[in-house]
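Student: Sharing query_33.csv (CSV, C-alpha atoms) below.
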```
chain,number,residue,atom,x,y,z
A,25,MET,CA,-11.6,18.2,-18.1
A,26,ILE,CA,-14.3,15.8,-19.2
A,27,LYS,CA,-14.1,14.0,-15.9
A,28,PHE,CA,-14.2,17.2,-13.9
A,29,PHE,CA,-17.4,18.4,-15.6
A,30,SER,CA,-19.0,15.0,-15.4
A,31,SER,CA,-18.2,15.1,-11.6
A,32,LEU,CA,-19.6,18.7,-11.3
A,33,PHE,CA,-22.8,17.7,-13.0
A,34,TYR,CA,-23.3,14.5,-10.8
A,35,PHE,CA,-22.7,16.3,-7.5
A,36,PHE,CA,-24.8,19.4,-8.3
A,37,LYS,CA,-27.6,17.0,-9.2
A,38,LEU,CA,-27.3,15.5,-5.8
A,39,ILE,CA,-28.3,18.8,-4.2
A,40,PHE,CA,-31.8,18.4,-5.7
A,41,VAL,CA,-32.2,14.7,-6.3
A,42,LYS,CA,-32.4,12.2,-3.5
A,43,LYS,CA,-30.2,9.1,-3.8
A,44,GLU,CA,-29.9,6.1,-1.4
A,45,VAL,CA,-27.5,3.2,-1.7
A,46,ASP,CA,-26.4,0.4,0.6
A,47,VAL,CA,-22.6,0.9,0.0
A,48,LEU,CA,-20.4,3.7,-1.2
A,49,PHE,CA,-17.0,2.6,-2.5
A,50,TYR,CA,-14.2,5.2,-2.6
A,51,TYR,CA,-10.6,4.9,-3.8
A,52,PRO,CA,-7.7,6.8,-5.5
A,53,GLN,CA,-7.2,6.4,-9.2
A,54,HIS,CA,-3.8,4.7,-8.9
A,55,PHE,CA,-5.5,1.5,-7.8
A,56,ASN,CA,-6.8,1.0,-11.3
A,57,ARG,CA,-4.4,-1.8,-12.0
A,58,GLY,CA,-6.5,-4.3,-13.8
A,59,VAL,CA,-6.4,-5.2,-17.5
A,60,ASP,CA,-9.3,-2.8,-18.3
A,61,ASN,CA,-8.2,-0.2,-15.7
A,62,GLU,CA,-10.5,-1.7,-13.1
A,63,ASN,CA,-9.8,-1.6,-9.4
A,64,ILE,CA,-9.1,-5.3,-8.8
A,65,LEU,CA,-9.1,-4.9,-5.0
A,66,PHE,CA,-12.8,-3.9,-5.0
A,67,GLN,CA,-13.9,-6.2,-7.8
A,68,THR,CA,-14.8,-9.1,-5.6
A,69,LEU,CA,-16.7,-6.8,-3.2
A,70,TYR,CA,-18.7,-5.4,-6.1
A,71,LYS,CA,-19.7,-8.9,-7.2
A,72,SER,CA,-20.7,-9.8,-3.7
A,73,CYS,CA,-23.0,-6.8,-3.5
A,74,ASP,CA,-24.5,-7.7,-6.8
A,75,ILE,CA,-25.2,-11.3,-5.7
A,76,ASN,CA,-26.7,-10.2,-2.4
A,77,SER,CA,-28.8,-7.3,-3.9
A,78,LYS,CA,-26.8,-4.6,-2.2
A,79,SER,CA,-27.0,-1.3,-4.1
A,80,TYR,CA,-23.7,0.7,-4.4
A,81,VAL,CA,-22.0,3.6,-6.1
A,82,VAL,CA,-18.2,4.0,-6.8
A,83,PHE,CA,-16.4,7.3,-6.4
A,84,GLU,CA,-12.9,7.5,-8.0
A,85,GLU,CA,-10.4,10.1,-6.6
A,86,PRO,CA,-8.2,11.7,-9.2
A,87,TYR,CA,-4.4,11.1,-8.8
A,88,ARG,CA,-2.2,12.9,-11.3
A,89,LYS,CA,1.1,11.3,-10.4
A,90,CYS,CA,0.4,7.8,-11.8
A,91,SER,CA,0.3,5.9,-15.0
A,92,GLN,CA,-3.1,4.2,-14.3
A,93,LYS,CA,-5.9,5.5,-16.5
A,94,ARG,CA,-9.4,6.5,-15.2
A,95,ASN,CA,-12.1,3.9,-15.0
A,96,ASN,CA,-15.2,4.8,-17.0
A,97,ASN,CA,-17.5,2.7,-14.8
A,98,THR,CA,-17.0,5.0,-11.7
A,99,ILE,CA,-18.2,8.4,-10.7
A,100,PRO,CA,-15.3,10.9,-10.9
A,101,PHE,CA,-14.9,12.6,-7.5
A,102,ASP,CA,-12.8,15.4,-9.1
A,103,PHE,CA,-15.2,18.3,-8.4
A,104,LEU,CA,-15.5,17.7,-4.7
A,105,PHE,CA,-11.9,16.5,-4.3
A,106,TYR,CA,-10.4,19.8,-5.6
A,107,GLN,CA,-12.7,21.7,-3.4
A,108,ILE,CA,-11.5,19.7,-0.4
A,109,ILE,CA,-7.9,20.5,-1.3
A,110,PHE,CA,-8.7,24.2,-1.6
A,111,PHE,CA,-10.5,24.3,1.8
A,112,ARG,CA,-7.5,22.5,3.4
A,113,LYS,CA,-5.1,25.1,2.0
A,114,ILE,CA,-7.1,28.0,3.5
A,115,GLY,CA,-7.1,26.3,6.9
A,116,PHE,CA,-10.3,24.3,7.2
A,117,SER,CA,-10.1,20.9,8.9
A,118,GLU,CA,-11.3,17.8,7.2
A,119,GLN,CA,-14.1,17.6,9.8
A,120,ARG,CA,-15.3,21.1,9.0
A,121,ILE,CA,-15.2,20.4,5.3
A,122,GLY,CA,-17.2,17.3,5.8
A,123,GLU,CA,-19.8,19.2,7.8
A,124,ILE,CA,-20.1,21.8,5.1
A,125,PHE,CA,-20.5,19.2,2.3
A,126,SER,CA,-23.0,17.3,4.5
A,127,ASN,CA,-25.4,20.2,4.3
A,128,LEU,CA,-24.8,20.8,0.6
A,129,PHE,CA,-23.9,17.9,-1.7
A,130,PHE,CA,-24.8,15.1,0.6
A,131,ARG,CA,-27.9,16.4,2.2
A,132,ARG,CA,-30.1,14.2,-0.1
A,133,PHE,CA,-27.6,11.4,-0.4
A,134,SER,CA,-27.6,8.5,2.1
A,135,CYS,CA,-25.7,5.3,2.3
A,136,LYS,CA,-25.4,2.7,5.1
A,137,ASN,CA,-21.8,1.7,4.5
A,138,ILE,CA,-18.7,3.4,3.2
A,139,ILE,CA,-15.7,1.3,2.1
A,140,VAL,CA,-12.4,3.2,1.3
A,141,LEU,CA,-8.9,2.2,0.2
A,142,SER,CA,-5.7,3.6,1.7
A,143,GLN,CA,-7.6,5.3,4.5
A,144,SER,CA,-8.7,8.0,2.0
A,145,LEU,CA,-10.8,10.9,3.3
A,146,LEU,CA,-11.8,9.0,6.5
A,147,GLU,CA,-12.6,12.1,8.6
A,148,PHE,CA,-14.3,13.8,5.7
A,149,PHE,CA,-16.7,10.9,5.2
A,150,ARG,CA,-17.3,10.6,8.9
A,151,PHE,CA,-18.7,14.1,9.0
A,152,SER,CA,-20.3,14.4,5.6
A,153,ILE,CA,-22.3,11.1,5.7
A,154,LYS,CA,-22.5,10.8,9.5
A,155,ASP,CA,-24.8,7.7,9.9
A,156,SER,CA,-22.7,5.3,7.8
A,157,ILE,CA,-20.5,2.5,9.0
A,158,ILE,CA,-17.0,3.2,7.6
A,159,PHE,CA,-14.6,0.4,6.6
A,160,ASP,CA,-11.0,0.7,5.4
A,161,LEU,CA,-10.1,-2.2,3.2
A,162,GLN,CA,-6.5,-3.4,3.5
A,163,HIS,CA,-4.7,-2.5,0.3
A,164,GLY,CA,-1.1,-3.7,0.9
A,165,ILE,CA,1.0,-5.2,3.6
A,166,ILE,CA,0.5,-4.3,7.3
A,167,HIS,CA,3.5,-4.4,9.6
A,168,SER,CA,4.7,-3.1,13.0
A,169,LYS,CA,6.1,0.1,11.4
A,170,LYS,CA,3.2,0.7,9.0
A,171,GLU,CA,2.2,4.4,9.3
A,172,GLY,CA,-1.5,4.8,9.7
A,173,TYR,CA,-2.2,1.8,11.9
A,174,ILE,CA,-0.2,1.6,15.1
A,175,GLU,CA,1.3,4.6,17.0
A,176,ASN,CA,3.2,4.1,20.3
A,177,GLY,CA,1.4,0.9,21.2
A,178,VAL,CA,-2.1,2.0,20.4
A,179,ILE,CA,-4.3,2.2,17.2
A,180,ASN,CA,-3.8,5.3,15.1
A,181,LYS,CA,-6.0,8.1,16.5
A,182,ARG,CA,-7.4,8.8,13.0
A,183,ILE,CA,-8.8,5.3,12.9
A,184,SER,CA,-10.1,5.2,16.5
A,185,LYS,CA,-11.4,8.8,16.6
A,186,ASN,CA,-13.5,8.2,13.5
A,187,ASN,CA,-14.7,4.8,14.6
A,188,ILE,CA,-13.3,3.0,11.5
A,189,ASN,CA,-13.6,-0.7,11.0
A,190,LEU,CA,-10.7,-2.5,9.3
A,191,LEU,CA,-11.2,-5.2,6.6
A,192,LEU,CA,-8.2,-7.5,6.6
A,193,TYR,CA,-6.9,-10.2,4.2
A,194,GLY,CA,-5.8,-12.8,6.8
A,195,ASP,CA,-5.2,-13.8,10.4
A,196,GLY,CA,-1.5,-13.1,10.0
A,197,PHE,CA,-2.1,-9.4,9.5
A,198,LYS,CA,-4.7,-9.2,12.3
A,199,ASN,CA,-2.3,-10.9,14.7
A,200,LEU,CA,0.4,-8.4,13.9
A,201,LEU,CA,-2.0,-5.5,14.7
A,202,GLU,CA,-3.2,-7.1,17.9
A,203,ILE,CA,0.4,-7.5,19.1
A,204,GLY,CA,1.1,-3.8,18.3
A,205,ASP,CA,-2.2,-2.4,19.8
A,206,LYS,CA,-2.3,-2.4,23.6
A,207,SER,CA,-5.9,-1.3,23.6
A,208,ASP,CA,-8.8,-3.6,22.6
A,209,TYR,CA,-9.6,-1.7,19.4
A,210,ILE,CA,-8.2,-4.2,16.9
A,211,ASN,CA,-9.9,-7.1,18.5
A,212,ASN,CA,-13.3,-5.4,18.2
A,213,LYS,CA,-13.0,-3.4,15.0
A,214,SER,CA,-10.9,-5.5,12.6
A,215,HIS,CA,-12.5,-8.2,10.5
A,216,VAL,CA,-10.7,-10.9,8.4
A,217,ILE,CA,-12.7,-11.2,5.2
A,218,GLY,CA,-10.0,-12.8,3.2
A,219,PHE,CA,-8.7,-12.0,-0.3
A,220,SER,CA,-10.1,-13.1,-3.7
A,221,LYS,CA,-7.9,-16.0,-4.7
A,222,ILE,CA,-8.0,-17.9,-7.9
A,223,ASN,CA,-6.9,-21.5,-8.0
A,224,VAL,CA,-3.3,-21.1,-9.2
A,225,SER,CA,-0.9,-23.8,-10.0
A,226,ASP,CA,2.8,-23.7,-9.5
A,227,LEU,CA,4.3,-22.1,-12.5
A,228,HIS,CA,7.9,-23.4,-12.4
A,229,SER,CA,9.5,-26.6,-11.4
A,230,GLU,CA,13.0,-25.1,-11.5
A,231,SER,CA,14.8,-21.8,-11.9
A,232,ASN,CA,14.8,-20.7,-15.5
A,233,GLY,CA,17.3,-17.8,-15.1
A,234,ASN,CA,14.7,-15.1,-15.5
A,235,ILE,CA,14.2,-12.7,-12.5
A,236,LEU,CA,11.3,-10.3,-12.0
A,237,VAL,CA,12.5,-7.1,-10.2
A,238,SER,CA,9.7,-5.2,-8.4
A,239,LEU,CA,11.1,-1.7,-8.1
A,240,GLN,CA,10.3,0.5,-5.1
A,241,PHE,CA,11.3,4.0,-6.5
A,242,THR,CA,8.7,6.4,-5.2
A,243,GLU,CA,8.5,9.8,-3.4
A,244,ASP,CA,8.0,7.8,-0.2
A,245,HIS,CA,11.8,7.4,0.0
A,246,THR,CA,14.4,10.0,0.5
A,247,ASN,CA,16.5,10.8,-2.6
A,248,ASN,CA,19.4,9.1,-0.8
A,249,ASP,CA,17.5,5.9,-0.2
A,250,ASN,CA,16.4,5.8,-3.9
A,251,LEU,CA,20.0,6.2,-5.1
A,252,LYS,CA,21.2,3.5,-2.6
A,253,LEU,CA,18.6,1.1,-4.0
A,254,LYS,CA,19.5,1.9,-7.6
A,255,ASP,CA,23.2,1.3,-6.9
A,256,GLU,CA,22.4,-2.1,-5.3
A,257,ILE,CA,20.3,-3.2,-8.2
A,258,PHE,CA,23.0,-2.2,-10.7
A,259,VAL,CA,25.6,-4.2,-8.8
A,260,PHE,CA,23.3,-7.2,-8.4
A,261,VAL,CA,22.6,-7.3,-12.1
A,262,LYS,CA,26.3,-6.9,-13.0
A,263,GLU,CA,27.2,-9.7,-10.7
A,264,ASN,CA,24.8,-12.1,-12.3
A,265,PRO,CA,25.3,-11.8,-16.0
A,266,LYS,CA,23.9,-15.2,-16.8
A,267,HIS,CA,20.5,-14.2,-15.5
A,268,THR,CA,17.9,-12.0,-17.3
A,269,PHE,CA,16.2,-9.3,-15.3
A,270,TYR,CA,12.8,-7.8,-16.0
A,271,LEU,CA,12.2,-4.5,-14.3
A,272,LYS,CA,8.6,-3.6,-13.2
A,273,HIS,CA,8.0,-0.1,-11.9
A,274,HIS,CA,6.0,0.7,-8.8
A,275,PRO,CA,2.5,2.0,-9.7
A,276,ARG,CA,3.4,5.4,-8.2
A,277,PHE,CA,6.8,5.7,-9.9
A,278,ASN,CA,7.3,9.3,-11.1
A,279,ASN,CA,10.9,9.3,-12.5
A,280,GLU,CA,12.4,9.7,-9.0
A,281,VAL,CA,15.6,8.1,-10.4
A,282,ASP,CA,17.3,7.8,-13.8
A,283,LEU,CA,17.4,4.1,-14.6
A,284,SER,CA,19.1,4.4,-18.0
A,285,GLU,CA,22.4,3.0,-16.7
A,286,ILE,CA,20.6,-0.2,-15.6
A,287,LEU,CA,18.3,-0.5,-18.6
A,288,ASN,CA,21.3,-0.2,-21.0
A,289,LEU,CA,22.7,-3.5,-19.6
A,290,GLU,CA,22.2,-6.4,-22.1
A,291,ASN,CA,20.5,-8.7,-19.6
A,292,VAL,CA,17.9,-6.1,-18.5
A,293,HIS,CA,14.4,-5.6,-20.0
A,294,ILE,CA,11.2,-3.9,-19.0
A,295,ALA,CA,8.7,-6.4,-17.6
A,296,PRO,CA,5.4,-7.3,-19.2
A,297,VAL,CA,2.5,-5.0,-18.1
A,298,GLN,CA,0.4,-7.8,-16.6
A,299,LEU,CA,1.8,-9.3,-13.4
A,300,ILE,CA,0.6,-12.9,-14.4
A,301,ASN,CA,2.7,-12.6,-17.5
A,302,CYS,CA,5.7,-11.6,-15.4
A,303,PHE,CA,5.2,-14.7,-13.2
A,304,GLU,CA,4.9,-16.9,-16.2
A,305,ARG,CA,8.2,-15.6,-17.6
A,306,CYS,CA,10.2,-15.4,-14.4
A,307,SER,CA,10.9,-18.1,-11.8
A,308,ILE,CA,12.4,-15.8,-9.2
A,309,HIS,CA,11.3,-12.5,-7.7
A,310,LEU,CA,13.7,-9.8,-6.5
A,311,THR,CA,12.7,-6.7,-4.5
A,312,ALA,CA,13.4,-4.4,-1.6
A,313,TYR,CA,10.1,-5.0,0.2
A,314,SER,CA,7.3,-5.1,-2.4
A,315,THR,CA,3.9,-6.6,-1.7
A,316,THR,CA,4.4,-8.5,-4.9
A,317,THR,CA,6.4,-10.9,-2.7
A,318,PHE,CA,3.0,-12.3,-1.5
A,319,GLU,CA,1.6,-12.5,-5.0
A,320,ALA,CA,4.7,-14.3,-6.2
A,321,ALA,CA,4.5,-16.7,-3.3
A,322,SER,CA,0.9,-17.6,-4.3
A,323,TYR,CA,2.4,-19.0,-7.5
A,324,ALA,CA,5.2,-20.7,-5.5
A,325,ILE,CA,7.8,-18.2,-6.8
A,326,PRO,CA,10.5,-17.4,-4.2
A,327,THR,CA,11.7,-13.9,-3.5
A,328,ILE,CA,15.2,-12.5,-2.9
A,329,PHE,CA,15.5,-9.2,-1.0
A,330,PHE,CA,17.8,-6.3,-1.5
A,331,THR,CA,19.5,-5.2,1.7
A,332,SER,CA,20.4,-1.5,1.3
A,333,LEU,CA,17.1,-0.3,2.9
A,334,GLN,CA,16.7,-3.0,5.5
A,335,LYS,CA,17.2,-0.8,8.5
A,336,LYS,CA,14.0,1.0,7.5
A,337,PHE,CA,12.1,-1.7,5.6
A,338,ASN,CA,12.8,-5.1,7.1
A,339,MET,CA,9.2,-6.2,7.7
A,340,PHE,CA,9.5,-9.4,5.6
A,341,HIS,CA,12.1,-10.7,8.0
A,342,GLU,CA,11.1,-9.1,11.3
A,343,ASP,CA,7.3,-9.3,11.1
A,344,PHE,CA,6.4,-11.8,8.4
A,345,LYS,CA,9.2,-14.2,9.0
A,346,TYR,CA,9.9,-15.0,5.3
A,347,PRO,CA,10.7,-18.7,5.4
A,348,ILE,CA,13.7,-19.1,3.1
A,349,VAL,CA,17.3,-17.8,3.1
A,350,ASN,CA,18.1,-14.7,1.2
A,351,ASP,CA,20.5,-16.2,-1.2
A,352,LEU,CA,20.1,-16.6,-5.0
A,353,GLN,CA,22.4,-19.6,-5.4
A,354,PHE,CA,20.7,-21.5,-2.5
A,355,ILE,CA,17.2,-20.9,-3.9
A,356,GLU,CA,18.2,-22.1,-7.3
A,357,ASN,CA,19.8,-25.2,-5.9
A,358,ASN,CA,16.8,-25.9,-3.7
A,359,TYR,CA,14.0,-24.5,-5.9
A,360,LEU,CA,11.2,-27.0,-5.3
A,361,GLU,CA,11.6,-26.9,-1.6
A,362,SER,CA,11.8,-23.1,-1.5
A,363,SER,CA,8.7,-22.9,-3.7
A,364,LYS,CA,6.6,-25.1,-1.3
A,365,ARG,CA,7.7,-23.2,1.7
A,366,VAL,CA,6.8,-19.7,0.4
A,367,LYS,CA,3.4,-20.9,-0.9
A,368,LYS,CA,2.5,-22.3,2.6
A,369,TRP,CA,3.8,-19.1,4.2
A,370,GLN,CA,1.6,-16.9,2.0
A,371,SER,CA,-1.6,-18.7,3.0
A,372,LYS,CA,-1.2,-17.5,6.6
A,373,PHE,CA,-1.6,-13.9,5.5
A,374,TYR,CA,-4.1,-14.2,2.6
A,375,SER,CA,-7.0,-16.4,3.3
A,376,THR,CA,-9.8,-17.2,0.8
A,377,PHE,CA,-12.4,-14.5,0.5
A,378,ASP,CA,-15.4,-15.1,2.8
A,379,GLU,CA,-18.4,-13.6,1.1
A,380,ASP,CA,-20.8,-14.4,4.0
A,381,LYS,CA,-18.5,-12.7,6.5
A,382,PHE,CA,-18.3,-9.6,4.3
A,383,ILE,CA,-22.0,-9.3,3.7
A,384,SER,CA,-22.7,-9.9,7.5
A,385,LEU,CA,-20.7,-6.8,8.3
A,386,LEU,CA,-22.8,-4.5,6.2
A,387,LYS,CA,-25.6,-2.6,7.8
```
Please go through the file and, once you have read it, give me the structure as structure tokens.
Tutor:
Amino acid sequence: MIKFFSSLFYFFKLIFVKKEVDVLFYYPQHFNRGVDNENILFQTLYKSCDINSKSYVVFEEPYRKCSQKRNNNTIPFDFLFYQIIFFRKIGFSEQRIGEIFSNLFFRRFSCKNIIVLSQSLLEFFRFSIKDSIIFDLQHGIIHSKKEGYIENGVINKRISKNNINLLLYGDGFKNLLEIGDKSDYINNKSHVIGFSKINVSDLHSESNGNILVSLQFTEDHTNNDNLKLKDEIFVFVKENPKHTFYLKHHPRFNNEVDLSEILNLENVHIAPVQLINCFERCSIHLTAYSTTTFEAASYAIPTIFFTSLQKKFNMFHEDFKYPIVNDLQFIENNYLESSKRVKKWQSKFYSTFDEDKFISLLK
């Protein structure tokens, strides 16, 4: 409730007090995945704005179904967000809601650029703060079947209709979008700004028998898919009793499946909270299709993929061409070569952050 009333006070004040910023950042709460509940995907952009004297404000959207806590350095968007939900339920379009709020809460608020994550409230911002350039920052992997980007050979109408620019992490992702989009939108409106990389060294010279399992149990799957994946994990662990498995939940895990049967096995543990600690402990990564595959590869850690959901989620083989065979024994016997190949592969999709390019895109 404190966040709600803090939000109410802030936005009511905007009705009477003029505010101008260069950049508005907006994101849902479940992206607070840093050590101090910070949004690590935006951190580099904040720093770039600071260095280049670009003023900004950060709005955080509440998200109840997640374990990530709120960030105290952001402006809670709760008051407006719950109003938006209410207006949607009584039949208002996001465009109409944006127009109403434009004449109320945002009539004295102006910003030149809006950057969102997960395509959040694109149409709302297009019509509530009309003169801004809107960017959607890539937040995960992009592939040929990724909802929200490509539909029947052209860019998603929600993106093109609202004139949204895409900020991408690497040429590999842009190439995939260009192949999927028969129009010229991607070529003109997508920009590779890279990803904030730290200089990481290879963590393991050989397999140590510890395997990090990035779980994919979310409401995005059908119940049947979640159960199939659970059964496959159980069998895999049972078939490899000499290995130790560390399970890491998806950030949006909401007890979609009961994992007690797996967690009761002697060689299964809950993974450390921080991903870097997981990588330091585990020399191999195991998942259905988690984006952690790319992060593991940056540390030269190979990934093995579950196969039960591959008919629906096979992007790492079909689109990304993962460079090593999907076999635990082979990877352990050829660990150094496998490590080198996955690290080289990862660099095609995640280039180093280009601050000059990012700042040049801002109005």
Student: Atom CA of A:His274 and atom CA of A:Leu227 are how many Å apart?
Tutor: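 Answer for the atom CA of A:His274 to atom CA of A:Leu227 separation: 23.2 Å.
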Student: I'd like to know which of A:Asn176, A:Asn137, A:Asn247, A:Thr327 is closest to A:Leu386, using all atoms listed in the file.
Tutor: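 Of all the options, A:Asn137 lies closest to A:Leu386.
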Student: For A:Cys306, which residue among A:Arg88, A:His228, A:Lys381, A:Lys181 is the nearest when counting all atoms listed in the file?
Tutor: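 Among A:Arg88, A:His228, A:Lys381, A:Lys181, it is A:His228 that comes nearest to A:Cys306.
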Student: Identify, on the basis of only C-alpha atoms, every residue whose closest approach to A:Ser231 does not exceed 10 Å; exclude the query and any residue fewer than 4 positions from it along the same chain; express the result as a list in words.
Tutor: Ile235, Cys306, Ser307, Ile308, Ile325, Pro326, Ile355, Glu356, Asn357, Asn358, Tyr359 and Leu360 of chain A
Student: Using all atoms listed in the file, which protein or nucleic acid residues come within 8 Å of stretch 369-374 of chain A? Drop anything in the same chain fewer than 2 positions from it, and give the result as a list in words.
Tutor: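 So, after excluding close chain neighbours, the residues are Tyr193, Gly194, Asp195, Gly196, Phe197, Gly218, Phe219, Phe318, Ala321, Ser322, Tyr346, Pro347, Arg365, Val366, Lys367 and Thr376 of chain A.
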Student: Please produce a file of the residues just selected, as a compact mmCIF listing (two decimals), keeping the file's coordinate frame, where the atoms kept are C-alpha atoms.
Tutor:
```txt
# COMPACT_ATOMS: atom_id res chain seq x y z
CA TYR A 193 -6.90 -10.20 4.20
CA GLY A 194 -5.80 -12.80 6.80
CA ASP A 195 -5.20 -13.80 10.40
CA GLY A 196 -1.50 -13.10 10.00
CA PHE A 197 -2.10 -9.40 9.50
CA GLY A 218 -10.00 -12.80 3.20
CA PHE A 219 -8.70 -12.00 -0.30
CA PHE A 318 3.00 -12.30 -1.50
CA ALA A 321 4.50 -16.70 -3.30
CA SER A 322 0.90 -17.60 -4.30
CA TYR A 346 9.90 -15.00 5.30
CA PRO A 347 10.70 -18.70 5.40
CA ARG A 365 7.70 -23.20 1.70
CA VAL A 366 6.80 -19.70 0.40
CA LYS A 367 3.40 -20.90 -0.90
CA THR A 376 -9.80 -17.20 0.80
```
Student: Could you check which of A:Glu319, A:Lys89, A:Val297, A:Phe110 is closest to A:Glu280, using all atoms listed in the file?
Tutor: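 Result for the nearest residue to A:Glu280: A:Lys89.
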Student: For a test of reading the model, state the distance in Å between atom CA of A:Phe33 and atom CA of A:Phe103, rounded to one decimal.
Tutor: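 One can read the atom CA of A:Phe33 to atom CA of A:Phe103 distance as 8.9 Å.
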Student: So that I can check the surroundings of A:Leu141, please list as an NGL selection string every protein, DNA and RNA residue that reaches within 8 Å of it, counting all atoms listed in the file and ignoring chain neighbours fewer than 2 positions away.
Tutor: :A and (50-52 or 139 or 143-144 or 160-163)
Student: Between atom CA of A:Val45 and atom CA of A:Phe116, what is the distance in Å, rounded to a tenth?
Tutor: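 Pair atom CA of A:Val45 / atom CA of A:Phe116 returns 28.6 Å.
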Student: Could you list, with a cut-off of 12 Å and counting only C-alpha atoms, the residues of stretch 335-380 of chain A near stretch 255-271 of chain A, each shown with its nearest atom pair and the distance in Å rounded to one decimal, rows sorted by chain and ascending number, as CSV?
Tutor:
```
residue,atom,partner,partner_atom,distance
A:Asp351,CA,A:Phe260,CA,11.9
A:Leu352,CA,A:Asn264,CA,9.8
A:Gln353,CA,A:Asn264,CA,10.5
A:Glu356,CA,A:His267,CA,11.6
```
Student: Between A:Asn278, A:Asn288, A:Ser168, A:Ser77, which has the minimum distance to A:Phe344 (counting only C-alpha atoms)?
Tutor: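 Under the stated criterion, the closest residue is A:Ser168.
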